[in-house]
Amino acid sequence: MNTTSTTDLPSEEELKERAADLIRSQSTMTLATALENKAWAAPVYYVDIDFLFYFFSSPSSRHILEALESKTASAAVFHPSDKWKDIQGIQMSGSIKPVGPGWEAAKALRAYLRKFPFTGDFFGKKKILDLQDFSKTFRVKLYRFRPTRLLYMDNRIQFGFRAEIPLSP
């Protein structure tokens, strides 16, 4: 039995910070799409910048094709746990769009290479990497998942606890 009262619950700002901490601490996001009554889920490495999620994927992958056609997707990020009391996660709905060359792509690529430094190993001694080099080497494109709704769940607060995190427009 959980005896947490509403007065013991974290504030909206604390919940937003907990959600951001969880997002920053993880590396894999599961994307989910559906088209013609067929659902699909795919894990991707991601980097977030102010609750925008950047990832690389093949332009011909099923999750990309379906997300671009349906103009909708959902995503989940969670902390692995073997105890139900420790389950924490993020559930989101939103959309996926390609990110072309420019300041947004450069910022996302820098953040991605900081979070996943091993990807730089594929470029040998070349120190300056750009989106074109990265895309050509891995045969991928940069995409952005923009959530329109983000829910933070945390069984450490109370069983089944879930709160919507307000997002900037």
# chains A, B, ... in the order shown; residues from 1 in each chain; ligands from 1
call {"tool": "closest_atom_pairs", "arguments": {"of": "range 12-109 of chain A", "to": "range 158-169 of chain A", "cutoff": "12 Å", "atoms": "only C-alpha atoms", "output": "Markdown table"}}
result
| residue | atom | partner | partner_atom | distance |
| --- | --- | --- | --- | --- |
| A:Glu12 | CA | A:Ile165 | CA | 7.5 |
| A:Glu13 | CA | A:Ile165 | CA | 8.9 |
| A:Glu14 | CA | A:Ile165 | CA | 10.3 |
| A:Leu15 | CA | A:Ile165 | CA | 7.4 |
| A:Lys16 | CA | A:Ile165 | CA | 6.0 |
| A:Glu17 | CA | A:Ile165 | CA | 9.7 |
| A:Arg18 | CA | A:Ile165 | CA | 10.3 |
| A:Ala19 | CA | A:Ile165 | CA | 8.0 |
| A:Ala20 | CA | A:Ile165 | CA | 10.0 |
| A:Asp50 | CA | A:Ser168 | CA | 9.0 |
| A:Phe51 | CA | A:Leu167 | CA | 7.7 |
| A:Leu52 | CA | A:Leu167 | CA | 9.9 |
| A:Lys83 | CA | A:Phe159 | CA | 11.8 |
| A:Trp84 | CA | A:Phe159 | CA | 8.5 |
| A:Lys85 | CA | A:Phe159 | CA | 7.1 |
| A:Asp86 | CA | A:Phe159 | CA | 9.6 |
| A:Ile87 | CA | A:Phe159 | CA | 9.1 |
| A:Gln88 | CA | A:Phe161 | CA | 9.3 |
| A:Gly89 | CA | A:Arg162 | CA | 9.2 |
| A:Ile90 | CA | A:Arg162 | CA | 9.2 |
| A:Gln91 | CA | A:Glu164 | CA | 9.3 |
| A:Met92 | CA | A:Glu164 | CA | 9.6 |
| A:Ser93 | CA | A:Glu164 | CA | 11.6 |
| A:Gly94 | CA | A:Leu167 | CA | 11.6 |
call {"tool": "select_by_dssp", "arguments": {"residues": "chain A", "states": "helix (DSSP H, G or I)", "output": "compact mmCIF listing (two decimals) with C-alpha atoms, in the first residue's frame"}}
result
# COMPACT_ATOMS: atom_id res chain seq x y z
CA THR A 6 -0.43 14.77 -2.81
CA THR A 7 1.43 17.16 -0.50
CA ASP A 8 4.46 14.83 -0.72
CA GLU A 12 6.06 20.72 -11.50
CA GLU A 13 9.58 22.18 -11.78
CA GLU A 14 11.09 19.26 -9.84
CA LEU A 15 9.27 16.79 -12.09
CA LYS A 16 10.55 18.57 -15.20
CA GLU A 17 14.10 18.38 -13.84
CA ARG A 18 13.70 14.68 -12.97
CA ALA A 19 12.44 14.03 -16.51
CA ALA A 20 15.37 15.96 -18.01
CA ASP A 21 17.85 14.05 -15.80
CA LEU A 22 16.40 10.73 -16.88
CA ILE A 23 16.53 11.74 -20.56
CA ARG A 24 20.16 12.90 -20.24
CA SER A 25 21.21 9.73 -18.40
CA ARG A 62 10.44 1.41 -41.68
CA HIS A 63 10.07 3.75 -38.69
CA ILE A 64 11.20 6.75 -40.74
CA LEU A 65 9.01 5.96 -43.76
CA GLU A 66 5.96 5.40 -41.56
CA ALA A 67 6.56 8.47 -39.39
CA LEU A 68 6.96 10.74 -42.40
CA GLU A 69 3.87 9.34 -44.11
CA SER A 70 1.61 9.33 -41.03
CA TRP A 84 8.83 -2.50 -10.13
CA LYS A 85 9.41 0.13 -7.43
CA ASP A 86 12.30 1.58 -9.45
CA TRP A 103 23.05 25.56 -37.31
CA GLU A 104 20.52 23.10 -35.82
CA ALA A 105 22.25 20.12 -37.47
CA ALA A 106 25.70 21.36 -36.44
CA LYS A 107 24.59 21.78 -32.83
CA ALA A 108 22.91 18.35 -32.78
CA LEU A 109 25.94 16.64 -34.37
CA ARG A 110 28.33 18.20 -31.83
CA ALA A 111 26.09 17.08 -28.97
CA TYR A 112 25.78 13.60 -30.51
CA LEU A 113 29.56 13.21 -30.85
CA ARG A 114 30.02 14.34 -27.23
CA LYS A 115 27.46 11.82 -26.00
CA PRO A 117 32.44 9.71 -28.72
CA PHE A 118 33.03 6.24 -30.18
CA THR A 119 31.33 7.38 -33.40
CA GLY A 120 34.30 9.66 -34.05
CA ASP A 121 36.54 6.58 -34.21
CA PHE A 122 35.05 5.73 -37.60
CA PHE A 123 36.64 8.87 -39.07
CA LEU A 131 26.78 16.31 -41.13
CA GLN A 132 27.69 15.41 -44.72
CA ASP A 133 30.69 13.31 -43.59
CA PHE A 134 28.66 11.60 -40.89
CA SER A 135 25.73 10.86 -43.21
CA LYS A 136 27.99 9.55 -45.96
CA THR A 137 30.05 7.34 -43.62
CA PHE A 138 27.03 5.72 -41.97
call {"tool": "atom_distance", "arguments": {"atom1": "CA of Arg149 in chain A", "atom2": "CA of Pro98 in chain A"}}
result
19.6 Å
call {"tool": "select_by_dssp", "arguments": {"residues": "range 53-100 of chain A", "states": "strand (DSSP E or B)", "output": "CSV table (one decimal) with N, CA and C atoms, in the first residue's frame"}}
result
chain,number,residue,atom,x,y,z
A,53,PHE,N,14.7,15.7,-29.5
A,53,PHE,CA,15.5,14.4,-29.6
A,53,PHE,C,16.0,14.2,-31.0
A,54,TYR,N,17.3,14.2,-31.1
A,54,TYR,CA,18.0,14.1,-32.4
A,54,TYR,C,18.6,12.7,-32.5
A,55,PHE,N,18.4,12.1,-33.7
A,55,PHE,CA,19.0,10.7,-33.9
A,55,PHE,C,19.3,10.5,-35.4
A,56,PHE,N,20.1,9.6,-35.7
A,56,PHE,CA,20.4,9.2,-37.0
A,56,PHE,C,19.7,7.9,-37.4
A,57,SER,N,19.3,7.8,-38.6
A,57,SER,CA,18.6,6.6,-39.1
A,57,SER,C,18.7,6.6,-40.6
A,73,ALA,N,4.3,10.0,-34.5
A,73,ALA,CA,5.2,8.9,-33.9
A,73,ALA,C,5.1,9.0,-32.4
A,74,SER,N,5.5,8.0,-31.7
A,74,SER,CA,5.6,8.0,-30.3
A,74,SER,C,7.0,7.5,-29.9
A,75,ALA,N,7.4,7.8,-28.7
A,75,ALA,CA,8.7,7.4,-28.3
A,75,ALA,C,8.7,7.2,-26.8
A,76,ALA,N,9.7,6.3,-26.3
A,76,ALA,CA,9.8,6.0,-24.9
A,76,ALA,C,11.3,6.0,-24.5
A,77,VAL,N,11.6,6.5,-23.4
A,77,VAL,CA,12.9,6.4,-22.8
A,77,VAL,C,12.7,5.9,-21.4
A,78,PHE,N,13.5,5.0,-21.0
A,78,PHE,CA,13.3,4.5,-19.6
A,78,PHE,C,14.6,4.0,-19.0
A,79,HIS,N,14.6,4.0,-17.7
A,79,HIS,CA,15.7,3.6,-16.9
A,79,HIS,C,15.5,2.1,-16.7
A,88,GLN,N,11.1,4.0,-13.9
A,88,GLN,CA,11.0,5.4,-14.3
A,88,GLN,C,11.0,5.4,-15.8
A,89,GLY,N,10.2,6.3,-16.4
A,89,GLY,CA,10.2,6.4,-17.9
A,89,GLY,C,9.6,7.7,-18.4
A,90,ILE,N,9.8,7.9,-19.7
A,90,ILE,CA,9.2,9.0,-20.4
A,90,ILE,C,8.4,8.4,-21.5
A,91,GLN,N,7.2,8.8,-21.7
A,91,GLN,CA,6.3,8.4,-22.8
A,91,GLN,C,6.0,9.7,-23.5
A,92,MET,N,6.1,9.6,-24.9
A,92,MET,CA,5.9,10.8,-25.7
A,92,MET,C,5.1,10.5,-26.9
A,93,SER,N,4.4,11.5,-27.4
A,93,SER,CA,3.8,11.5,-28.7
A,93,SER,C,4.3,12.8,-29.4
A,94,GLY,N,4.4,12.7,-30.7
A,94,GLY,CA,4.9,13.8,-31.5
A,94,GLY,C,5.2,13.5,-32.9
A,95,SER,N,6.2,14.1,-33.5
A,95,SER,CA,6.4,13.9,-34.9
A,95,SER,C,7.9,13.8,-35.2
A,96,ILE,N,8.3,13.2,-36.3
A,96,ILE,CA,9.7,13.1,-36.7
A,96,ILE,C,9.9,13.8,-38.0
A,97,LYS,N,10.9,14.6,-38.1
A,97,LYS,CA,11.2,15.4,-39.3
A,97,LYS,C,12.7,15.3,-39.6
A,98,PRO,N,13.1,15.3,-40.9
A,98,PRO,CA,14.6,15.3,-41.2
A,98,PRO,C,15.1,16.7,-40.8
